[in-house]
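Chemist: Data file protein.pdb (PDB, C-alpha atoms and all ligand atoms) is appended below.
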```
MODEL        1
ATOM      1  CA  MET A 162     200.930 -50.449  36.104
ATOM      2  CA  ILE A 163     199.240 -47.777  34.100
ATOM      3  CA  LEU A 164     199.706 -46.379  30.611
ATOM      4  CA  LYS A 165     201.019 -42.835  30.397
ATOM      5  CA  GLU A 166     199.691 -41.516  27.140
ATOM      6  CA  GLU A 167     201.769 -38.334  27.405
ATOM      7  CA  GLY A 168     204.900 -40.486  27.141
ATOM      8  CA  MET A 169     203.813 -41.618  23.660
ATOM      9  CA  ALA A 170     203.691 -38.070  22.203
ATOM     10  CA  SER A 171     205.218 -37.511  18.773
ATOM     11  CA  PRO A 172     208.883 -38.423  18.980
ATOM     12  CA  SER A 173     210.984 -36.992  16.139
ATOM     13  CA  VAL A 174     214.496 -38.481  15.783
ATOM     14  CA  ARG A 175     215.127 -42.138  15.105
ATOM     15  CA  LEU A 176     217.731 -44.864  14.770
ATOM     16  CA  ASP A 177     218.150 -46.536  11.394
ATOM     17  CA  PRO A 178     217.086 -50.168  11.541
ATOM     18  CA  ILE A 179     219.621 -52.930  10.938
ATOM     19  CA  ARG A 180     218.204 -55.293   8.316
ATOM     20  CA  THR A 181     220.753 -58.044   7.854
ATOM     21  CA  ARG A 182     222.565 -60.531  10.064
ATOM     22  CA  SER A 183     225.928 -59.379   8.676
ATOM     23  CA  ASP A 184     225.239 -55.709   9.481
ATOM     24  CA  LEU A 185     224.071 -56.806  12.910
ATOM     25  CA  ALA A 186     227.283 -58.758  13.497
ATOM     26  CA  ARG A 187     229.316 -55.659  12.581
ATOM     27  CA  ALA A 188     227.288 -53.407  14.883
ATOM     28  CA  LEU A 189     227.615 -55.892  17.757
ATOM     29  CA  ASP A 190     231.387 -56.219  17.207
ATOM     30  CA  ALA A 191     231.695 -52.448  17.418
ATOM     31  CA  LEU A 192     229.624 -52.382  20.577
ATOM     32  CA  ARG A 193     231.557 -55.188  22.246
ATOM     33  CA  SER A 194     234.923 -53.679  21.296
ATOM     34  CA  THR A 195     234.079 -50.866  23.709
ATOM     35  CA  GLY A 196     233.464 -53.464  26.456
ATOM     36  CA  ARG A 197     229.786 -52.660  26.802
ATOM     37  CA  THR A 198     227.251 -55.230  28.035
ATOM     38  CA  LEU A 199     224.051 -55.820  26.061
ATOM     39  CA  ALA A 200     220.415 -56.360  27.027
ATOM     40  CA  LEU A 201     217.965 -57.568  24.375
ATOM     41  CA  VAL A 202     214.240 -56.771  24.108
ATOM     42  CA  PRO A 203     212.539 -58.955  21.473
ATOM     43  CA  THR A 204     209.192 -57.698  20.111
ATOM     44  CA  MET A 205     206.912 -58.009  17.114
ATOM     45  CA  GLY A 206     206.689 -54.219  16.893
ATOM     46  CA  TYR A 207     203.689 -51.864  16.890
ATOM     47  CA  LEU A 208     205.155 -50.680  20.130
ATOM     48  CA  HIS A 209     203.150 -49.543  23.121
ATOM     49  CA  GLU A 210     204.061 -48.514  26.627
ATOM     50  CA  GLY A 211     204.359 -52.173  27.725
ATOM     51  CA  HIS A 212     207.166 -52.731  25.218
ATOM     52  CA  LEU A 213     208.759 -49.400  26.070
ATOM     53  CA  HIS A 214     208.797 -50.237  29.745
ATOM     54  CA  LEU A 215     210.821 -53.339  28.871
ATOM     55  CA  LEU A 216     213.399 -50.965  27.356
ATOM     56  CA  ASP A 217     213.457 -49.047  30.651
ATOM     57  CA  VAL A 218     214.078 -52.274  32.550
ATOM     58  CA  ALA A 219     216.734 -53.328  30.027
ATOM     59  CA  ARG A 220     218.591 -50.033  30.456
ATOM     60  CA  THR A 221     219.037 -50.830  34.157
ATOM     61  CA  MET A 222     220.607 -54.185  33.291
ATOM     62  CA  ALA A 223     223.251 -53.425  30.688
ATOM     63  CA  ASP A 224     225.281 -50.643  29.097
ATOM     64  CA  ALA A 225     223.428 -50.910  25.789
ATOM     65  CA  VAL A 226     219.944 -52.043  24.822
ATOM     66  CA  ALA A 227     218.944 -53.704  21.556
ATOM     67  CA  LEU A 228     215.345 -53.979  20.378
ATOM     68  CA  THR A 229     214.118 -56.378  17.725
ATOM     69  CA  LEU A 230     211.085 -55.790  15.516
ATOM     70  CA  PHE A 231     210.122 -59.044  13.840
ATOM     71  CA  VAL A 232     206.698 -60.531  13.232
ATOM     72  CA  ASN A 233     207.753 -64.153  13.470
ATOM     73  CA  PRO A 234     205.689 -66.347  11.102
ATOM     74  CA  LEU A 235     206.775 -69.494  12.953
ATOM     75  CA  GLN A 236     204.668 -68.586  15.982
ATOM     76  CA  PHE A 237     201.415 -67.994  14.065
ATOM     77  CA  GLY A 238     199.086 -70.918  13.389
ATOM     78  CA  PRO A 239     196.890 -71.349  10.294
ATOM     79  CA  GLY A 240     193.984 -68.884  10.423
ATOM     80  CA  GLU A 241     195.741 -66.604  12.914
ATOM     81  CA  ASP A 242     196.444 -62.932  12.246
ATOM     82  CA  LEU A 243     199.937 -63.058  10.670
ATOM     83  CA  GLU A 244     198.813 -61.159   7.554
ATOM     84  CA  HIS A 245     196.939 -58.503   9.497
ATOM     85  CA  TYR A 246     199.299 -58.096  12.430
ATOM     86  CA  PRO A 247     199.624 -54.317  12.900
ATOM     87  CA  ARG A 248     202.884 -52.668  11.821
ATOM     88  CA  ASP A 249     204.223 -49.122  12.006
ATOM     89  CA  GLU A 250     207.978 -49.326  11.752
ATOM     90  CA  GLU A 251     208.600 -45.596  11.460
ATOM     91  CA  ARG A 252     206.825 -44.891  14.718
ATOM     92  CA  ASP A 253     208.444 -47.907  16.408
ATOM     93  CA  LEU A 254     211.901 -46.642  15.480
ATOM     94  CA  GLU A 255     211.146 -43.191  16.860
ATOM     95  CA  LEU A 256     209.741 -44.586  20.105
ATOM     96  CA  ALA A 257     212.615 -47.041  20.562
ATOM     97  CA  THR A 258     215.110 -44.239  19.991
ATOM     98  CA  SER A 259     213.355 -41.962  22.443
ATOM     99  CA  ARG A 260     213.427 -44.710  25.094
ATOM    100  CA  GLY A 261     217.163 -45.268  24.792
ATOM    101  CA  ALA A 262     217.605 -48.253  22.460
ATOM    102  CA  ALA A 263     221.139 -48.282  21.036
ATOM    103  CA  LEU A 264     220.263 -50.571  18.155
ATOM    104  CA  VAL A 265     217.123 -51.825  16.410
ATOM    105  CA  PHE A 266     217.182 -55.049  14.397
ATOM    106  CA  ALA A 267     214.264 -55.298  11.937
ATOM    107  CA  PRO A 268     214.995 -58.195   9.568
ATOM    108  CA  SER A 269     212.762 -59.555   6.812
ATOM    109  CA  THR A 270     211.392 -63.085   7.119
ATOM    110  CA  GLU A 271     213.858 -64.211   4.414
ATOM    111  CA  GLU A 272     216.749 -62.762   6.399
ATOM    112  CA  MET A 273     215.702 -64.602   9.553
ATOM    113  CA  TYR A 274     214.810 -67.845   7.784
ATOM    114  CA  PRO A 275     216.959 -67.851   4.625
ATOM    115  CA  ASP A 276     216.344 -71.553   4.007
ATOM    116  CA  GLY A 277     212.675 -71.476   4.977
ATOM    117  CA  PRO A 278     211.370 -72.347   8.445
ATOM    118  CA  SER A 279     214.145 -73.695  10.718
ATOM    119  CA  VAL A 280     214.503 -77.453  10.323
ATOM    120  CA  VAL A 281     215.700 -77.867  13.904
ATOM    121  CA  GLN A 282     213.327 -76.161  16.327
ATOM    122  CA  VAL A 283     213.022 -75.851  20.088
ATOM    123  CA  THR A 284     210.106 -77.858  21.482
ATOM    124  CA  PRO A 285     208.539 -76.585  24.695
ATOM    125  CA  GLY A 286     207.534 -79.956  26.166
ATOM    126  CA  ALA A 287     204.841 -80.226  28.831
ATOM    127  CA  LEU A 288     205.023 -76.541  29.815
ATOM    128  CA  GLY A 289     203.943 -75.654  26.300
ATOM    129  CA  GLU A 290     200.843 -77.802  26.609
ATOM    130  CA  ARG A 291     199.375 -75.809  29.477
ATOM    131  CA  LEU A 292     197.223 -72.635  29.272
ATOM    132  CA  CYS A 293     197.519 -71.264  25.704
ATOM    133  CA  GLY A 294     199.171 -74.445  24.407
ATOM    134  CA  PRO A 295     196.087 -76.419  23.327
ATOM    135  CA  PHE A 296     194.559 -73.338  21.671
ATOM    136  CA  ARG A 297     197.695 -72.356  19.740
ATOM    137  CA  PRO A 298     199.407 -75.553  18.582
ATOM    138  CA  GLY A 299     202.995 -74.842  17.537
ATOM    139  CA  HIS A 300     202.948 -71.306  18.923
ATOM    140  CA  PHE A 301     205.469 -71.763  21.718
ATOM    141  CA  GLN A 302     207.729 -73.858  19.526
ATOM    142  CA  GLY A 303     207.810 -70.899  17.121
ATOM    143  CA  VAL A 304     208.461 -68.475  19.967
ATOM    144  CA  LEU A 305     211.272 -70.500  21.532
ATOM    145  CA  THR A 306     212.887 -71.113  18.160
ATOM    146  CA  VAL A 307     212.988 -67.426  17.260
ATOM    147  CA  VAL A 308     214.154 -66.437  20.754
ATOM    148  CA  ALA A 309     216.944 -69.030  20.541
ATOM    149  CA  LYS A 310     217.921 -67.631  17.124
ATOM    150  CA  LEU A 311     217.923 -64.082  18.479
ATOM    151  CA  PHE A 312     220.055 -65.173  21.431
ATOM    152  CA  GLY A 313     222.438 -66.787  18.933
ATOM    153  CA  LEU A 314     222.587 -63.669  16.777
ATOM    154  CA  PHE A 315     222.987 -61.182  19.638
ATOM    155  CA  ARG A 316     224.718 -63.233  22.363
ATOM    156  CA  PRO A 317     223.166 -60.775  24.847
ATOM    157  CA  ASP A 318     224.124 -60.686  28.521
ATOM    158  CA  SER A 319     220.461 -60.354  29.425
ATOM    159  CA  ALA A 320     217.021 -60.229  27.839
ATOM    160  CA  VAL A 321     213.759 -58.720  29.032
ATOM    161  CA  PHE A 322     210.271 -60.161  28.510
ATOM    162  CA  GLY A 323     206.873 -58.895  29.706
ATOM    163  CA  ARG A 324     204.783 -60.585  32.380
ATOM    164  CA  LYS A 325     201.768 -60.103  30.115
ATOM    165  CA  ASP A 326     202.896 -63.272  28.300
ATOM    166  CA  TYR A 327     203.376 -65.246  31.486
ATOM    167  CA  GLN A 328     203.657 -68.684  29.904
ATOM    168  CA  GLN A 329     206.198 -67.349  27.403
ATOM    169  CA  VAL A 330     208.389 -66.059  30.239
ATOM    170  CA  VAL A 331     208.251 -69.390  32.057
ATOM    171  CA  LEU A 332     209.196 -71.213  28.849
ATOM    172  CA  VAL A 333     212.028 -68.855  27.910
ATOM    173  CA  ARG A 334     213.476 -69.138  31.413
ATOM    174  CA  ARG A 335     213.244 -72.894  31.209
ATOM    175  CA  MET A 336     214.875 -72.987  27.764
ATOM    176  CA  VAL A 337     217.779 -70.867  29.022
ATOM    177  CA  GLN A 338     218.172 -73.181  32.004
ATOM    178  CA  ASP A 339     217.787 -76.475  30.123
ATOM    179  CA  LEU A 340     219.976 -75.494  27.160
ATOM    180  CA  GLU A 341     222.558 -73.584  29.240
ATOM    181  CA  LEU A 342     222.163 -70.483  27.091
ATOM    182  CA  GLY A 343     223.731 -68.175  29.659
ATOM    183  CA  VAL A 344     221.359 -65.233  29.153
ATOM    184  CA  ARG A 345     219.973 -63.517  32.253
ATOM    185  CA  ILE A 346     216.195 -63.232  31.905
ATOM    186  CA  ARG A 347     214.335 -60.368  33.532
ATOM    187  CA  VAL A 348     210.584 -59.904  33.566
ATOM    188  CA  GLY A 349     208.989 -56.498  33.038
ATOM    189  CA  PRO A 350     205.681 -55.561  34.699
ATOM    190  CA  LEU A 351     202.342 -55.921  32.979
ATOM    191  CA  VAL A 352     201.372 -52.470  31.717
ATOM    192  CA  ARG A 353     197.662 -51.621  31.565
ATOM    193  CA  GLU A 354     195.334 -48.974  30.197
ATOM    194  CA  HIS A 355     193.700 -46.653  32.717
ATOM    195  CA  ASP A 356     190.704 -48.969  33.109
ATOM    196  CA  GLY A 357     192.872 -52.061  33.512
ATOM    197  CA  LEU A 358     192.921 -53.569  29.987
ATOM    198  CA  ALA A 359     196.380 -55.059  29.403
ATOM    199  CA  LEU A 360     198.138 -53.196  26.615
ATOM    200  CA  SER A 361     198.516 -55.276  23.480
ATOM    201  CA  SER A 362     199.269 -54.528  19.848
ATOM    202  CA  ARG A 363     196.126 -56.560  19.120
ATOM    203  CA  ASN A 364     193.868 -54.185  21.088
ATOM    204  CA  GLN A 365     193.631 -52.102  17.961
ATOM    205  CA  TYR A 366     191.440 -54.818  16.397
ATOM    206  CA  LEU A 367     188.733 -54.008  18.978
ATOM    207  CA  SER A 368     185.590 -52.076  17.970
ATOM    208  CA  PRO A 369     184.347 -49.532  20.550
ATOM    209  CA  ASP A 370     181.832 -52.080  21.918
ATOM    210  CA  GLU A 371     184.454 -54.807  22.109
ATOM    211  CA  ARG A 372     186.883 -52.406  23.762
ATOM    212  CA  ARG A 373     184.277 -51.772  26.473
ATOM    213  CA  ASP A 374     183.913 -55.494  27.151
ATOM    214  CA  ALA A 375     187.628 -56.269  26.864
ATOM    215  CA  VAL A 376     188.142 -54.762  30.309
ATOM    216  CA  GLY A 377     186.150 -57.702  31.663
ATOM    217  CA  LEU A 378     189.332 -59.798  31.751
ATOM    218  CA  PHE A 379     190.949 -57.407  34.201
ATOM    219  CA  ARG A 380     187.731 -57.123  36.206
ATOM    220  CA  ALA A 381     187.489 -60.907  36.500
ATOM    221  CA  LEU A 382     191.111 -61.267  37.596
ATOM    222  CA  SER A 383     190.673 -58.415  40.066
ATOM    223  CA  ALA A 384     187.513 -59.942  41.546
ATOM    224  CA  ALA A 385     189.314 -63.218  42.236
ATOM    225  CA  ASP A 386     192.348 -61.375  43.573
ATOM    226  CA  GLU A 387     190.122 -59.411  45.916
ATOM    227  CA  ALA A 388     188.573 -62.634  47.231
ATOM    228  CA  PHE A 389     192.074 -64.038  47.701
ATOM    229  CA  ARG A 390     193.105 -60.966  49.660
ATOM    230  CA  SER A 391     190.027 -61.430  51.863
ATOM    231  CA  GLY A 392     191.276 -64.899  52.763
ATOM    232  CA  GLU A 393     189.624 -67.185  50.191
ATOM    233  CA  ARG A 394     191.968 -70.009  49.177
ATOM    234  CA  ASP A 395     189.686 -72.482  47.407
ATOM    235  CA  ALA A 396     190.554 -72.384  43.701
ATOM    236  CA  GLY A 397     186.993 -73.362  42.729
ATOM    237  CA  VAL A 398     185.529 -70.431  44.645
ATOM    238  CA  LEU A 399     188.085 -67.985  43.220
ATOM    239  CA  LEU A 400     187.462 -69.172  39.658
ATOM    240  CA  ARG A 401     183.685 -68.953  40.132
ATOM    241  CA  ARG A 402     184.126 -65.409  41.425
ATOM    242  CA  ALA A 403     186.068 -64.505  38.267
ATOM    243  CA  ARG A 404     183.587 -66.298  35.965
ATOM    244  CA  ALA A 405     180.657 -64.480  37.536
ATOM    245  CA  GLU A 406     182.355 -61.204  36.671
ATOM    246  CA  LEU A 407     182.972 -62.307  33.076
ATOM    247  CA  GLU A 408     179.236 -62.827  32.569
ATOM    248  CA  ASP A 409     178.798 -59.060  32.535
ATOM    249  CA  PHE A 410     180.941 -58.854  29.382
ATOM    250  CA  PRO A 411     179.111 -60.813  26.675
ATOM    251  CA  LEU A 412     181.546 -59.966  23.865
ATOM    252  CA  LEU A 413     184.293 -61.932  25.639
ATOM    253  CA  HIS A 414     184.489 -65.580  24.565
ATOM    254  CA  VAL A 415     186.710 -67.234  27.122
ATOM    255  CA  GLU A 416     189.159 -69.943  26.047
ATOM    256  CA  TYR A 417     190.467 -70.694  29.499
ATOM    257  CA  LEU A 418     190.543 -69.294  33.001
ATOM    258  CA  GLU A 419     192.955 -71.153  35.252
ATOM    259  CA  LEU A 420     194.711 -70.839  38.561
ATOM    260  CA  VAL A 421     198.185 -72.313  38.160
ATOM    261  CA  ASP A 422     201.482 -72.863  39.892
ATOM    262  CA  PRO A 423     203.844 -70.027  38.872
ATOM    263  CA  LYS A 424     206.644 -72.355  37.728
ATOM    264  CA  THR A 425     205.027 -75.603  36.553
ATOM    265  CA  LEU A 426     201.823 -73.934  35.276
ATOM    266  CA  GLU A 427     199.905 -76.901  36.662
ATOM    267  CA  PRO A 428     196.373 -76.162  37.899
ATOM    268  CA  LEU A 429     196.056 -75.627  41.662
ATOM    269  CA  ASP A 430     193.207 -76.690  43.953
ATOM    270  CA  ARG A 431     194.292 -74.274  46.665
ATOM    271  CA  ALA A 432     195.499 -70.756  46.021
ATOM    272  CA  ARG A 433     198.580 -69.297  47.626
ATOM    273  CA  ALA A 434     200.491 -66.063  47.246
ATOM    274  CA  GLU A 435     202.390 -66.059  43.923
ATOM    275  CA  ALA A 436     199.861 -68.395  42.285
ATOM    276  CA  VAL A 437     198.974 -67.117  38.825
ATOM    277  CA  LEU A 438     195.438 -66.623  37.614
ATOM    278  CA  ALA A 439     195.555 -66.602  33.815
ATOM    279  CA  VAL A 440     192.852 -66.005  31.236
ATOM    280  CA  ALA A 441     192.506 -65.954  27.449
ATOM    281  CA  ALA A 442     189.488 -64.856  25.465
ATOM    282  CA  HIS A 443     188.449 -63.877  21.988
ATOM    283  CA  CYS A 444     186.826 -60.494  21.653
ATOM    284  CA  GLY A 445     185.814 -59.858  18.041
ATOM    285  CA  ALA A 446     188.930 -60.373  15.907
ATOM    286  CA  ALA A 447     191.287 -60.036  18.873
ATOM    287  CA  ARG A 448     192.570 -62.863  21.013
ATOM    288  CA  LEU A 449     193.372 -61.339  24.396
ATOM    289  CA  ILE A 450     195.368 -62.765  27.286
ATOM    290  CA  ASP A 451     195.838 -61.475  30.805
ATOM    291  CA  ASN A 452     197.007 -62.712  34.181
ATOM    292  CA  THR A 453     197.537 -61.682  37.751
ATOM    293  CA  VAL A 454     199.886 -62.926  40.433
ATOM    294  CA  LEU A 455     197.573 -63.357  43.414
ATOM    295  CA  GLY A 456     198.181 -60.916  46.215
ATOM    296  CA  ALA A 457     201.058 -59.232  44.400
ATOM    297  CA  GLU A 458     199.525 -56.462  42.335
ATOM    298  CA  SER A 459     197.675 -53.327  43.156
ATOM    299  CA  PRO A 460     193.988 -54.012  42.508
ATOM    300  CA  ASP A 461     193.698 -50.424  41.234
ATOM    301  CA  PRO A 462     195.115 -49.891  37.719
ATOM    302  CA  ARG A 463     195.292 -46.170  38.453
ATOM    303  CA  MET A 464     197.947 -46.708  41.102
ATOM    304  CA  PRO A 465     201.383 -45.447  40.116
ATOM    305  CA  PRO A 466     203.513 -47.995  38.273
ATOM    306  CA  PRO A 467     205.994 -50.004  40.293
ATOM    307  CA  GLY A 468     209.552 -48.744  40.054
ATOM    308  CA  VAL A 469     211.970 -50.752  37.991
ATOM    309  CA  GLY A 470     213.381 -52.172  41.217
ATOM    310  CA  ASP A 471     210.006 -53.722  41.979
ATOM    311  CA  VAL A 472     209.779 -55.553  38.704
ATOM    312  CA  ARG A 473     209.044 -59.209  39.196
TER     313      ARG A 473
HETATM  314  P1  LIG B   1     204.980 -58.820  21.382
HETATM  315  O1  LIG B   1     205.412 -57.673  20.538
HETATM  316  O2  LIG B   1     203.516 -58.873  21.630
HETATM  317  O3  LIG B   1     205.574 -60.138  20.948
HETATM  318  O4  LIG B   1     205.606 -58.555  22.816
HETATM  319  C1  LIG B   1     206.980 -58.313  22.975
HETATM  320  C2  LIG B   1     207.292 -58.268  24.441
HETATM  321  O5  LIG B   1     206.518 -57.246  25.054
HETATM  322  C3  LIG B   1     206.953 -59.572  25.167
HETATM  323  O6  LIG B   1     207.971 -59.855  26.109
HETATM  324  C4  LIG B   1     205.639 -59.235  25.826
HETATM  325  O7  LIG B   1     205.407 -59.987  27.000
HETATM  326  C5  LIG B   1     205.838 -57.777  26.160
HETATM  327  N1  LIG B   1     204.538 -57.113  26.368
HETATM  328  C6  LIG B   1     203.479 -57.106  25.525
HETATM  329  N2  LIG B   1     202.428 -56.445  26.092
HETATM  330  C7  LIG B   1     202.847 -56.052  27.316
HETATM  331  C8  LIG B   1     202.220 -55.345  28.392
HETATM  332  N3  LIG B   1     200.968 -54.910  28.330
HETATM  333  N4  LIG B   1     202.946 -55.125  29.509
HETATM  334  C9  LIG B   1     204.226 -55.569  29.577
HETATM  335  N5  LIG B   1     204.880 -56.231  28.615
HETATM  336  C10 LIG B   1     204.188 -56.481  27.493
ENDMDL
END
```
Rewrite the structure of this file - the entire thing - as structure tokens.
Modeler:
Amino acid sequence: MILKEEGMASPSVRLDPIRTRSDLARALDALRSTGRTLALVPTMGYLHEGHLHLLDVARTMADAVALTLFVNPLQFGPGEDLEHYPRDEERDLELATSRGAALVFAPSTEEMYPDGPSVVQVTPGALGERLCGPFRPGHFQGVLTVVAKLFGLFRPDSAVFGRKDYQQVVLVRRMVQDLELGVRIRVGPLVREHDGLALSSRNQYLSPDERRDAVGLFRALSAADEAFRSGERDAGVLLRRARAELEDFPLLHVEYLELVDPKTLEPLDRARAEAVLAVAAHCGAARLIDNTVLGAESPDPRMPPPGVGDVR
């Protein structure tokens, strides 16, 4: 779906952030005492329309929506962008308020990890070794651990994650299933710029030249998707089609381009509807990821966004 820049225009009122676990517990008690259900949207902040669309989805799932703003050090590897990760809490609070969040939790690192990094962590197993896994050792363990902590703190009825981070969604779903966490997981659509670049807080690292090439990821995915729609099923042919497209974008340094099973994330030799074509690349200082579910998306990023009911 497509970014609507108008929707981002200067909001003015805002919720106050909750900083501590004890204040959060009090706020959640008050909310629950009125019998309301809760949907959680975890983010690292620097909100864009992709995040805000998750709030829209969450509002359809529960009586109240909680957003978290927390740049989780556990999910950053050495040499990654933890120190430089973009932040603008004031704006995030205004946007979250304007999109109907009832509560925003924005803890410090010390509040989330009072005794230092969690001693007991959630390991992702084989699913965490696919796609981004080898390039970001420890990343998914950090993600699952913080998501498990947030589920423990909020005890939400449901939680919403974006399809942009496809592997993350698969892992969170699997964690909820394997650990019987009892949280309903919903997936929000992948929101794109007008030219197709997937929205990401990290896009702001891109120089104008890099921004021009960054769209190559979407072009490559679209080229393979188009071939799929024309009947091509050979994974090798589809991947070559995508790689040929990427050659036109020299500032993209591809880490992986893979066609995988939507649940196991194992590479496929033959494509089928619902197979996921996923890509990651460095572009200047930004590491970008993108994916498409073959045959499922509009090849034109200018098409109107799917309604919430269509969300996969
Ligand atoms: P982040 O702040 O990058 O950790 O992302 C928080 C949530 O927003 C995750 O569930 C992401 O998958 C989701 N998200 C990030 N970018 C997009 C996007 N372009 N479209 C939809 N969801 C997104």
Chemist: Could you list, as a PyMOL selection string, all residues that come within 9 Å of ligand LIG 1 (chain B)? Count all atoms listed in the file.
Modeler: chain A and resi 162+164+202-215+230-233+304+321-327+329-330+348-354+358-363+451
Chemist: Using all atoms listed in the file, list the residues that have an atom at most 12 Å from (182.7, -60.9, 34.5), coordinates as in the file, as a PyMOL selection string.
Modeler: chain A and resi 374-385+400-415+418+440+442
Chemist: Given only C-alpha atoms as the basis, pick out the residue of A:Ile179, A:Leu256, A:Arg193, A:Arg335 nearest to Glu272 in chain A.
Modeler: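 Using only C-alpha atoms, Glu272 in chain A sits closest to A:Ile179.
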Chemist: Give me, as a tab-separated table, the closest atom pair and its distance (Å, one decimal) for every residue of range 420-447 of chain A within a cut-off of 9 Å of range 287-303 of chain A, counting all atoms listed in the file, rows sorted by chain and rising number.
Modeler:
```
residue	atom	partner	partner_atom	distance
A:Val421	CA	A:Leu292	CA	8.9
A:Thr425	CA	A:Leu288	CA	6.8
A:Leu426	CA	A:Arg291	CA	6.6
A:Glu427	CA	A:Arg291	CA	7.3
A:Pro428	CA	A:Arg291	CA	8.9
A:Ala439	CA	A:Leu292	CA	7.7
A:Val440	CA	A:Leu292	CA	8.2
A:Ala441	CA	A:Cys293	CA	7.5
```
Chemist: Quick check, in Å to one decimal: how far apart do CA of Leu449 in chain A and CA of Pro423 in chain A lie?
Modeler: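 Taking CA of Leu449 in chain A as the start and CA of Pro423 in chain A as the end point, the length is 19.9 Å.
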